[in-house]
>>> print(open('protein.cif').read())   # mmCIF, all heavy atoms
data_structure
#
loop_
_atom_site.label_atom_id
_atom_site.label_comp_id
_atom_site.auth_asym_id
_atom_site.auth_seq_id
_atom_site.Cartn_x
_atom_site.Cartn_y
_atom_site.Cartn_z
N MET Y 1 -16.30 -35.35 35.28
CA MET Y 1 -16.79 -33.99 35.34
C MET Y 1 -15.74 -33.03 34.75
O MET Y 1 -16.11 -32.11 34.05
CB MET Y 1 -17.10 -33.64 36.79
CG MET Y 1 -17.68 -32.28 36.97
SD MET Y 1 -19.35 -32.30 36.31
CE MET Y 1 -19.78 -30.61 36.52
N LYS Y 2 -14.48 -33.29 35.04
CA LYS Y 2 -13.42 -32.42 34.56
C LYS Y 2 -13.31 -32.51 33.02
O LYS Y 2 -13.08 -31.51 32.34
CB LYS Y 2 -12.09 -32.84 35.21
CG LYS Y 2 -10.98 -31.89 35.00
CD LYS Y 2 -9.77 -32.33 35.81
CE LYS Y 2 -8.68 -31.29 35.75
NZ LYS Y 2 -7.50 -31.69 36.49
N HIS Y 3 -13.51 -33.70 32.49
CA HIS Y 3 -13.44 -33.92 31.05
C HIS Y 3 -14.59 -33.18 30.34
O HIS Y 3 -14.40 -32.58 29.28
CB HIS Y 3 -13.49 -35.42 30.77
CG HIS Y 3 -13.35 -35.77 29.32
ND1 HIS Y 3 -12.20 -35.54 28.62
CD2 HIS Y 3 -14.23 -36.32 28.45
CE1 HIS Y 3 -12.36 -35.95 27.39
NE2 HIS Y 3 -13.59 -36.44 27.26
N ARG Y 4 -15.77 -33.23 30.94
CA ARG Y 4 -16.94 -32.56 30.36
C ARG Y 4 -16.76 -31.04 30.38
O ARG Y 4 -17.08 -30.36 29.40
CB ARG Y 4 -18.19 -32.95 31.13
CG ARG Y 4 -19.45 -32.39 30.53
CD ARG Y 4 -20.67 -32.90 31.22
NE ARG Y 4 -21.85 -32.30 30.63
CZ ARG Y 4 -23.01 -32.27 31.19
NH1 ARG Y 4 -23.18 -32.84 32.37
NH2 ARG Y 4 -24.03 -31.71 30.60
N LEU Y 5 -16.23 -30.49 31.45
CA LEU Y 5 -15.98 -29.06 31.55
C LEU Y 5 -14.94 -28.62 30.52
O LEU Y 5 -15.10 -27.57 29.88
CB LEU Y 5 -15.50 -28.71 32.98
CG LEU Y 5 -15.21 -27.25 33.25
CD1 LEU Y 5 -16.47 -26.43 33.07
CD2 LEU Y 5 -14.65 -27.08 34.65
N LEU Y 6 -13.92 -29.42 30.31
CA LEU Y 6 -12.90 -29.11 29.32
C LEU Y 6 -13.50 -29.10 27.91
O LEU Y 6 -13.20 -28.21 27.11
CB LEU Y 6 -11.76 -30.12 29.40
CG LEU Y 6 -10.59 -29.91 28.45
CD1 LEU Y 6 -9.90 -28.58 28.73
CD2 LEU Y 6 -9.61 -31.05 28.55
N ASN Y 7 -14.37 -30.06 27.62
CA ASN Y 7 -15.03 -30.09 26.31
C ASN Y 7 -15.90 -28.85 26.10
O ASN Y 7 -15.90 -28.27 25.01
CB ASN Y 7 -15.90 -31.35 26.17
CG ASN Y 7 -15.08 -32.57 25.84
OD1 ASN Y 7 -13.92 -32.46 25.43
ND2 ASN Y 7 -15.66 -33.74 26.03
N ILE Y 8 -16.64 -28.44 27.11
CA ILE Y 8 -17.50 -27.26 27.00
C ILE Y 8 -16.66 -26.01 26.76
O ILE Y 8 -16.98 -25.18 25.91
CB ILE Y 8 -18.39 -27.12 28.25
CG1 ILE Y 8 -19.41 -28.25 28.28
CG2 ILE Y 8 -19.08 -25.77 28.27
CD1 ILE Y 8 -20.23 -28.32 29.55
N VAL Y 9 -15.55 -25.89 27.47
CA VAL Y 9 -14.68 -24.72 27.31
C VAL Y 9 -14.07 -24.71 25.91
O VAL Y 9 -14.02 -23.67 25.25
CB VAL Y 9 -13.59 -24.71 28.40
CG1 VAL Y 9 -12.52 -23.68 28.09
CG2 VAL Y 9 -14.21 -24.46 29.76
N LEU Y 10 -13.62 -25.84 25.42
CA LEU Y 10 -13.01 -25.90 24.09
C LEU Y 10 -14.03 -25.60 22.99
O LEU Y 10 -13.73 -24.89 22.03
CB LEU Y 10 -12.37 -27.26 23.86
CG LEU Y 10 -11.09 -27.54 24.66
CD1 LEU Y 10 -10.60 -28.96 24.40
CD2 LEU Y 10 -10.02 -26.53 24.32
N ILE Y 11 -15.24 -26.12 23.13
CA ILE Y 11 -16.29 -25.86 22.14
C ILE Y 11 -16.67 -24.38 22.16
O ILE Y 11 -16.82 -23.75 21.12
CB ILE Y 11 -17.50 -26.77 22.38
CG1 ILE Y 11 -17.15 -28.21 22.02
CG2 ILE Y 11 -18.70 -26.30 21.57
CD1 ILE Y 11 -18.21 -29.21 22.41
N ALA Y 12 -16.82 -23.81 23.35
CA ALA Y 12 -17.16 -22.39 23.47
C ALA Y 12 -16.06 -21.52 22.87
O ALA Y 12 -16.33 -20.54 22.17
CB ALA Y 12 -17.41 -22.02 24.93
N LEU Y 13 -14.81 -21.87 23.11
CA LEU Y 13 -13.70 -21.12 22.56
C LEU Y 13 -13.68 -21.21 21.03
O LEU Y 13 -13.46 -20.20 20.35
CB LEU Y 13 -12.38 -21.64 23.14
CG LEU Y 13 -11.12 -20.90 22.71
CD1 LEU Y 13 -11.17 -19.45 23.19
CD2 LEU Y 13 -9.90 -21.60 23.24
N GLY Y 14 -13.93 -22.37 20.50
CA GLY Y 14 -13.99 -22.55 19.05
C GLY Y 14 -15.11 -21.75 18.41
O GLY Y 14 -14.92 -21.10 17.39
N LEU Y 15 -16.29 -21.78 19.01
CA LEU Y 15 -17.41 -21.02 18.48
C LEU Y 15 -17.18 -19.52 18.59
O LEU Y 15 -17.52 -18.76 17.68
CB LEU Y 15 -18.71 -21.42 19.20
CG LEU Y 15 -19.23 -22.83 18.90
CD1 LEU Y 15 -20.44 -23.13 19.77
CD2 LEU Y 15 -19.58 -22.97 17.44
N LEU Y 16 -16.60 -19.10 19.70
CA LEU Y 16 -16.32 -17.69 19.89
C LEU Y 16 -15.30 -17.19 18.87
O LEU Y 16 -15.45 -16.10 18.31
CB LEU Y 16 -15.82 -17.43 21.32
CG LEU Y 16 -15.54 -15.97 21.68
CD1 LEU Y 16 -16.83 -15.17 21.62
CD2 LEU Y 16 -14.94 -15.89 23.07
N SER Y 17 -14.27 -17.96 18.61
CA SER Y 17 -13.28 -17.55 17.63
C SER Y 17 -13.88 -17.50 16.23
O SER Y 17 -13.52 -16.64 15.42
CB SER Y 17 -12.06 -18.47 17.66
OG SER Y 17 -12.42 -19.76 17.26
N THR Y 18 -14.81 -18.40 15.93
CA THR Y 18 -15.48 -18.38 14.62
C THR Y 18 -16.33 -17.13 14.48
O THR Y 18 -16.32 -16.48 13.43
CB THR Y 18 -16.35 -19.63 14.45
OG1 THR Y 18 -15.53 -20.79 14.57
CG2 THR Y 18 -17.04 -19.63 13.09
N VAL Y 19 -17.04 -16.77 15.51
CA VAL Y 19 -17.89 -15.58 15.46
C VAL Y 19 -17.04 -14.32 15.37
O VAL Y 19 -17.35 -13.39 14.62
CB VAL Y 19 -18.82 -15.53 16.69
CG1 VAL Y 19 -19.52 -14.19 16.80
CG2 VAL Y 19 -19.83 -16.66 16.62
N MET Y 20 -15.95 -14.27 16.10
CA MET Y 20 -15.09 -13.08 16.09
C MET Y 20 -14.34 -12.93 14.77
O MET Y 20 -13.96 -11.82 14.39
CB MET Y 20 -14.08 -13.14 17.24
CG MET Y 20 -14.72 -13.08 18.61
SD MET Y 20 -15.65 -11.58 18.89
CE MET Y 20 -14.32 -10.41 19.04
N ALA Y 21 -14.12 -14.01 14.04
CA ALA Y 21 -13.38 -13.96 12.78
C ALA Y 21 -14.24 -13.48 11.62
O ALA Y 21 -13.73 -13.20 10.55
CB ALA Y 21 -12.81 -15.33 12.46
N GLN Y 22 -15.55 -13.38 11.81
CA GLN Y 22 -16.42 -12.95 10.72
C GLN Y 22 -16.19 -11.47 10.43
O GLN Y 22 -16.18 -10.64 11.33
CB GLN Y 22 -17.89 -13.17 11.09
CG GLN Y 22 -18.26 -14.60 11.33
CD GLN Y 22 -18.05 -15.46 10.11
OE1 GLN Y 22 -18.35 -15.05 9.01
NE2 GLN Y 22 -17.52 -16.65 10.32
N PRO Y 23 -16.01 -11.12 9.15
CA PRO Y 23 -15.81 -9.70 8.81
C PRO Y 23 -17.12 -8.93 8.92
O PRO Y 23 -18.21 -9.52 8.94
CB PRO Y 23 -15.33 -9.76 7.36
CG PRO Y 23 -15.92 -11.02 6.83
CD PRO Y 23 -15.95 -11.98 7.99
N ASP Y 24 -16.99 -7.63 8.95
CA ASP Y 24 -18.18 -6.78 8.97
C ASP Y 24 -18.90 -6.89 7.63
O ASP Y 24 -18.32 -7.25 6.62
CB ASP Y 24 -17.80 -5.33 9.21
CG ASP Y 24 -17.22 -5.12 10.60
OD1 ASP Y 24 -17.55 -5.92 11.50
OD2 ASP Y 24 -16.44 -4.17 10.78
N LEU Y 25 -20.17 -6.54 7.63
CA LEU Y 25 -20.92 -6.55 6.39
C LEU Y 25 -20.40 -5.45 5.47
O LEU Y 25 -20.09 -4.35 5.93
CB LEU Y 25 -22.40 -6.36 6.66
CG LEU Y 25 -23.08 -7.50 7.43
CD1 LEU Y 25 -24.52 -7.14 7.74
CD2 LEU Y 25 -23.02 -8.78 6.65
N PRO Y 26 -20.32 -5.71 4.18
CA PRO Y 26 -19.79 -4.69 3.27
C PRO Y 26 -20.77 -3.54 3.08
O PRO Y 26 -21.98 -3.70 3.23
CB PRO Y 26 -19.59 -5.46 1.97
CG PRO Y 26 -20.55 -6.59 2.04
CD PRO Y 26 -20.65 -6.94 3.50
N ASP Y 27 -20.21 -2.39 2.73
CA ASP Y 27 -21.05 -1.23 2.43
C ASP Y 27 -21.65 -1.39 1.04
O ASP Y 27 -21.29 -2.29 0.28
CB ASP Y 27 -20.21 0.04 2.48
CG ASP Y 27 -19.70 0.33 3.89
OD1 ASP Y 27 -20.35 -0.14 4.85
OD2 ASP Y 27 -18.68 1.02 4.02
N ALA Y 28 -22.54 -0.49 0.71
CA ALA Y 28 -23.15 -0.52 -0.61
C ALA Y 28 -22.08 -0.22 -1.66
O ALA Y 28 -21.18 0.58 -1.42
CB ALA Y 28 -24.27 0.52 -0.69
N PRO Y 29 -22.16 -0.86 -2.82
CA PRO Y 29 -21.14 -0.63 -3.84
C PRO Y 29 -21.22 0.77 -4.42
O PRO Y 29 -22.29 1.38 -4.47
CB PRO Y 29 -21.45 -1.68 -4.90
CG PRO Y 29 -22.88 -2.00 -4.71
CD PRO Y 29 -23.16 -1.82 -3.25
N ASP Y 30 -20.09 1.27 -4.85
CA ASP Y 30 -20.02 2.60 -5.47
C ASP Y 30 -20.47 2.46 -6.92
O ASP Y 30 -19.86 1.72 -7.70
CB ASP Y 30 -18.59 3.12 -5.40
CG ASP Y 30 -18.47 4.51 -5.97
OD1 ASP Y 30 -19.50 5.20 -6.05
OD2 ASP Y 30 -17.35 4.89 -6.36
N GLN Y 31 -21.50 3.15 -7.30
CA GLN Y 31 -22.04 3.07 -8.65
C GLN Y 31 -21.43 4.15 -9.53
O GLN Y 31 -22.07 5.14 -9.85
CB GLN Y 31 -23.57 3.19 -8.63
CG GLN Y 31 -24.27 2.10 -7.85
CD GLN Y 31 -24.11 0.74 -8.52
OE1 GLN Y 31 -24.03 0.64 -9.72
NE2 GLN Y 31 -24.07 -0.30 -7.72
N GLY Y 32 -20.20 3.97 -9.88
CA GLY Y 32 -19.51 4.93 -10.74
C GLY Y 32 -19.84 4.69 -12.20
O GLY Y 32 -20.65 3.83 -12.54
N PRO Y 33 -19.20 5.45 -13.08
CA PRO Y 33 -19.46 5.25 -14.51
C PRO Y 33 -18.95 3.89 -14.97
O PRO Y 33 -17.95 3.38 -14.47
CB PRO Y 33 -18.68 6.38 -15.17
CG PRO Y 33 -17.64 6.76 -14.17
CD PRO Y 33 -18.23 6.49 -12.82
N ILE Y 34 -19.65 3.32 -15.90
CA ILE Y 34 -19.28 2.00 -16.41
C ILE Y 34 -18.44 2.23 -17.67
O ILE Y 34 -18.97 2.55 -18.73
CB ILE Y 34 -20.53 1.16 -16.71
CG1 ILE Y 34 -21.39 1.03 -15.45
CG2 ILE Y 34 -20.15 -0.20 -17.25
CD1 ILE Y 34 -22.73 0.39 -15.69
N THR Y 35 -17.13 2.08 -17.55
CA THR Y 35 -16.24 2.40 -18.67
C THR Y 35 -16.28 1.33 -19.75
O THR Y 35 -15.97 1.62 -20.90
CB THR Y 35 -14.80 2.56 -18.17
OG1 THR Y 35 -14.41 1.38 -17.48
CG2 THR Y 35 -14.70 3.73 -17.22
N GLY Y 36 -16.65 0.12 -19.42
CA GLY Y 36 -16.69 -0.93 -20.42
C GLY Y 36 -17.71 -0.65 -21.51
O GLY Y 36 -17.50 -1.01 -22.67
N ILE Y 37 -18.80 0.01 -21.16
CA ILE Y 37 -19.82 0.33 -22.16
C ILE Y 37 -19.28 1.35 -23.15
O ILE Y 37 -19.55 1.28 -24.34
CB ILE Y 37 -21.12 0.81 -21.47
CG1 ILE Y 37 -21.75 -0.36 -20.73
CG2 ILE Y 37 -22.08 1.40 -22.48
CD1 ILE Y 37 -23.00 -0.02 -19.98
N GLY Y 38 -18.48 2.29 -22.66
CA GLY Y 38 -17.86 3.27 -23.55
C GLY Y 38 -16.94 2.61 -24.56
O GLY Y 38 -16.96 2.95 -25.75
N TRP Y 39 -16.14 1.66 -24.08
CA TRP Y 39 -15.25 0.93 -25.00
C TRP Y 39 -16.05 0.12 -26.02
O TRP Y 39 -15.69 0.03 -27.19
CB TRP Y 39 -14.32 0.00 -24.23
CG TRP Y 39 -13.20 0.71 -23.54
CD1 TRP Y 39 -13.09 0.98 -22.22
CD2 TRP Y 39 -12.04 1.25 -24.16
NE1 TRP Y 39 -11.93 1.65 -21.96
CE2 TRP Y 39 -11.26 1.83 -23.14
CE3 TRP Y 39 -11.58 1.31 -25.47
CZ2 TRP Y 39 -10.04 2.46 -23.41
CZ3 TRP Y 39 -10.37 1.93 -25.72
CH2 TRP Y 39 -9.63 2.49 -24.71
N LEU Y 40 -17.13 -0.48 -25.56
CA LEU Y 40 -17.98 -1.27 -26.45
C LEU Y 40 -18.62 -0.40 -27.52
O LEU Y 40 -18.64 -0.76 -28.70
CB LEU Y 40 -19.06 -1.98 -25.63
CG LEU Y 40 -19.98 -2.93 -26.37
CD1 LEU Y 40 -19.19 -4.10 -26.93
CD2 LEU Y 40 -21.07 -3.43 -25.44
N LEU Y 41 -19.12 0.77 -27.13
CA LEU Y 41 -19.71 1.69 -28.11
C LEU Y 41 -18.66 2.19 -29.09
O LEU Y 41 -18.93 2.31 -30.29
CB LEU Y 41 -20.38 2.86 -27.39
CG LEU Y 41 -21.66 2.53 -26.63
CD1 LEU Y 41 -22.13 3.74 -25.83
CD2 LEU Y 41 -22.74 2.08 -27.59
N GLY Y 42 -17.47 2.50 -28.58
CA GLY Y 42 -16.40 2.98 -29.47
C GLY Y 42 -15.99 1.92 -30.48
O GLY Y 42 -15.83 2.21 -31.67
N ALA Y 43 -15.82 0.69 -30.02
CA ALA Y 43 -15.44 -0.40 -30.93
C ALA Y 43 -16.54 -0.68 -31.94
O ALA Y 43 -16.27 -0.91 -33.12
CB ALA Y 43 -15.12 -1.65 -30.12
N GLY Y 44 -17.79 -0.64 -31.49
CA GLY Y 44 -18.91 -0.85 -32.41
C GLY Y 44 -18.99 0.25 -33.45
O GLY Y 44 -19.27 -0.02 -34.62
N GLY Y 45 -18.74 1.48 -33.04
CA GLY Y 45 -18.75 2.59 -33.99
C GLY Y 45 -17.64 2.45 -35.02
O GLY Y 45 -17.86 2.71 -36.22
N LEU Y 46 -16.45 2.05 -34.58
CA LEU Y 46 -15.36 1.84 -35.53
C LEU Y 46 -15.67 0.71 -36.51
O LEU Y 46 -15.38 0.81 -37.71
CB LEU Y 46 -14.06 1.54 -34.78
CG LEU Y 46 -13.42 2.73 -34.07
CD1 LEU Y 46 -12.23 2.26 -33.24
CD2 LEU Y 46 -13.01 3.78 -35.06
N MET Y 47 -16.25 -0.37 -36.02
CA MET Y 47 -16.60 -1.48 -36.90
C MET Y 47 -17.67 -1.06 -37.92
O MET Y 47 -17.60 -1.42 -39.10
CB MET Y 47 -17.10 -2.67 -36.08
CG MET Y 47 -16.01 -3.37 -35.29
SD MET Y 47 -16.61 -4.63 -34.17
CE MET Y 47 -17.33 -5.79 -35.29
N PHE Y 48 -18.63 -0.26 -37.47
CA PHE Y 48 -19.68 0.22 -38.37
C PHE Y 48 -19.09 1.14 -39.43
O PHE Y 48 -19.42 1.02 -40.62
CB PHE Y 48 -20.76 0.95 -37.56
CG PHE Y 48 -21.88 1.49 -38.38
CD1 PHE Y 48 -22.81 0.63 -38.95
CD2 PHE Y 48 -22.00 2.85 -38.60
CE1 PHE Y 48 -23.84 1.13 -39.72
CE2 PHE Y 48 -23.03 3.35 -39.37
CZ PHE Y 48 -23.95 2.49 -39.93
N ALA Y 49 -18.20 2.05 -39.01
CA ALA Y 49 -17.58 2.96 -39.97
C ALA Y 49 -16.74 2.20 -40.99
O ALA Y 49 -16.74 2.52 -42.19
CB ALA Y 49 -16.73 3.99 -39.23
N ARG Y 50 -16.04 1.19 -40.55
CA ARG Y 50 -15.21 0.39 -41.46
C ARG Y 50 -16.10 -0.37 -42.45
O ARG Y 50 -15.77 -0.46 -43.65
CB ARG Y 50 -14.39 -0.59 -40.63
CG ARG Y 50 -13.39 -1.35 -41.40
CD ARG Y 50 -12.62 -2.24 -40.47
NE ARG Y 50 -11.39 -2.69 -41.07
CZ ARG Y 50 -10.56 -3.53 -40.51
NH1 ARG Y 50 -10.83 -4.00 -39.31
NH2 ARG Y 50 -9.46 -3.88 -41.11
N LYS Y 51 -17.22 -0.88 -41.97
CA LYS Y 51 -18.14 -1.60 -42.86
C LYS Y 51 -18.71 -0.67 -43.92
O LYS Y 51 -18.78 -1.02 -45.10
CB LYS Y 51 -19.26 -2.22 -42.02
CG LYS Y 51 -20.21 -3.07 -42.81
CD LYS Y 51 -21.24 -3.72 -41.90
CE LYS Y 51 -22.19 -4.59 -42.69
NZ LYS Y 51 -23.17 -5.23 -41.84
N ILE Y 52 -19.10 0.53 -43.52
CA ILE Y 52 -19.64 1.50 -44.46
C ILE Y 52 -18.57 1.91 -45.47
O ILE Y 52 -18.83 2.04 -46.67
CB ILE Y 52 -20.20 2.74 -43.71
CG1 ILE Y 52 -21.37 2.33 -42.82
CG2 ILE Y 52 -20.60 3.84 -44.66
CD1 ILE Y 52 -22.57 1.78 -43.56
N ARG Y 53 -17.34 2.12 -45.00
CA ARG Y 53 -16.23 2.52 -45.89
C ARG Y 53 -15.96 1.41 -46.91
O ARG Y 53 -15.76 1.70 -48.10
CB ARG Y 53 -14.98 2.77 -45.04
CG ARG Y 53 -13.80 3.25 -45.87
CD ARG Y 53 -12.54 3.25 -45.09
NE ARG Y 53 -12.20 1.85 -44.80
CZ ARG Y 53 -11.22 1.46 -44.02
NH1 ARG Y 53 -10.48 2.35 -43.41
NH2 ARG Y 53 -10.99 0.18 -43.81
N ASP Y 54 -15.97 0.14 -46.47
CA ASP Y 54 -15.71 -0.97 -47.38
C ASP Y 54 -16.84 -1.12 -48.41
O ASP Y 54 -16.59 -1.48 -49.56
CB ASP Y 54 -15.54 -2.26 -46.60
CG ASP Y 54 -14.22 -2.30 -45.82
OD1 ASP Y 54 -13.32 -1.48 -46.12
OD2 ASP Y 54 -14.11 -3.14 -44.91
N GLN Y 55 -18.08 -0.82 -48.03
CA GLN Y 55 -19.19 -0.92 -48.96
C GLN Y 55 -19.10 0.17 -50.02
O GLN Y 55 -19.49 -0.03 -51.16
CB GLN Y 55 -20.53 -0.81 -48.22
CG GLN Y 55 -20.92 -2.08 -47.48
CD GLN Y 55 -22.25 -1.93 -46.76
OE1 GLN Y 55 -22.83 -0.85 -46.71
NE2 GLN Y 55 -22.72 -3.03 -46.19
N ASN Y 56 -18.60 1.34 -49.65
CA ASN Y 56 -18.51 2.45 -50.60
C ASN Y 56 -17.35 2.29 -51.57
O ASN Y 56 -17.32 2.92 -52.61
CB ASN Y 56 -18.38 3.79 -49.86
CG ASN Y 56 -19.68 4.19 -49.19
OD1 ASN Y 56 -20.75 3.74 -49.59
ND2 ASN Y 56 -19.59 5.00 -48.16
N LYS Y 57 -16.36 1.47 -51.24
CA LYS Y 57 -15.21 1.24 -52.12
C LYS Y 57 -15.59 0.38 -53.32
O LYS Y 57 -14.95 0.47 -54.36
CB LYS Y 57 -14.06 0.55 -51.35
CG LYS Y 57 -13.29 1.49 -50.49
CD LYS Y 57 -12.09 0.78 -49.91
CE LYS Y 57 -11.25 1.73 -49.08
NZ LYS Y 57 -10.07 1.06 -48.53
N LYS Y 58 -16.62 -0.44 -53.20
CA LYS Y 58 -16.99 -1.36 -54.27
C LYS Y 58 -17.65 -0.67 -55.43
O LYS Y 58 -18.23 0.25 -55.53
CB LYS Y 58 -17.91 -2.46 -53.74
CG LYS Y 58 -17.20 -3.40 -52.83
CD LYS Y 58 -18.12 -4.50 -52.39
CE LYS Y 58 -17.37 -5.42 -51.44
NZ LYS Y 58 -18.18 -6.51 -50.97
#
>>> encode(input="protein.cif", output="structure tokens")
Amino acid sequence: MKHRLLNIVLIALGLLSTVMAQPDLPDAPDQGPITGIGWLLGAGGLMFARKIRDQNKK
């Protein structure tokens, strides 16, 4: 009986520590400006301008 009670206590303690270790749910993400798209548009514009400049040199 003592062995069974010890097992129950140890299992309960393990489960309780697992539940207590879980972090809170995260908040909704902040939807700020997407700077990568700006860099992509800028690089694409530079590539387009360079292509047009090279075509006009010929």
>>> select_by_dssp(input="protein.cif", residues="chain Y", states="alpha helix (DSSP H)", output="MDAnalysis selection string")
chainID Y and resid 2:20 35:57
>>> atom_distance(input="protein.cif", atom1="atom C of Leu16 (chain Y)", atom2="atom O of Arg4 (chain Y)")
17.0 Å
>>> axis_aligned_box(input="protein.cif", around="region 19-34 of chain Y", padding_each_side="8 Å", output="lines of an AutoDock Vina configuration file")
center_x = -18.7
center_y = -5.0
center_z = 0.2
size_x = 27.7
size_y = 39.5
size_z = 53.8
>>> atom_distance(input="protein.cif", atom1="CG of Met20 (chain Y)", atom2="CB of Leu5 (chain Y)")
21.2 Å
>>> atom_distance(input="protein.cif", atom1="CB of Lys51 (chain Y)", atom2="atom O of Gly38 (chain Y)")
17.2 Å
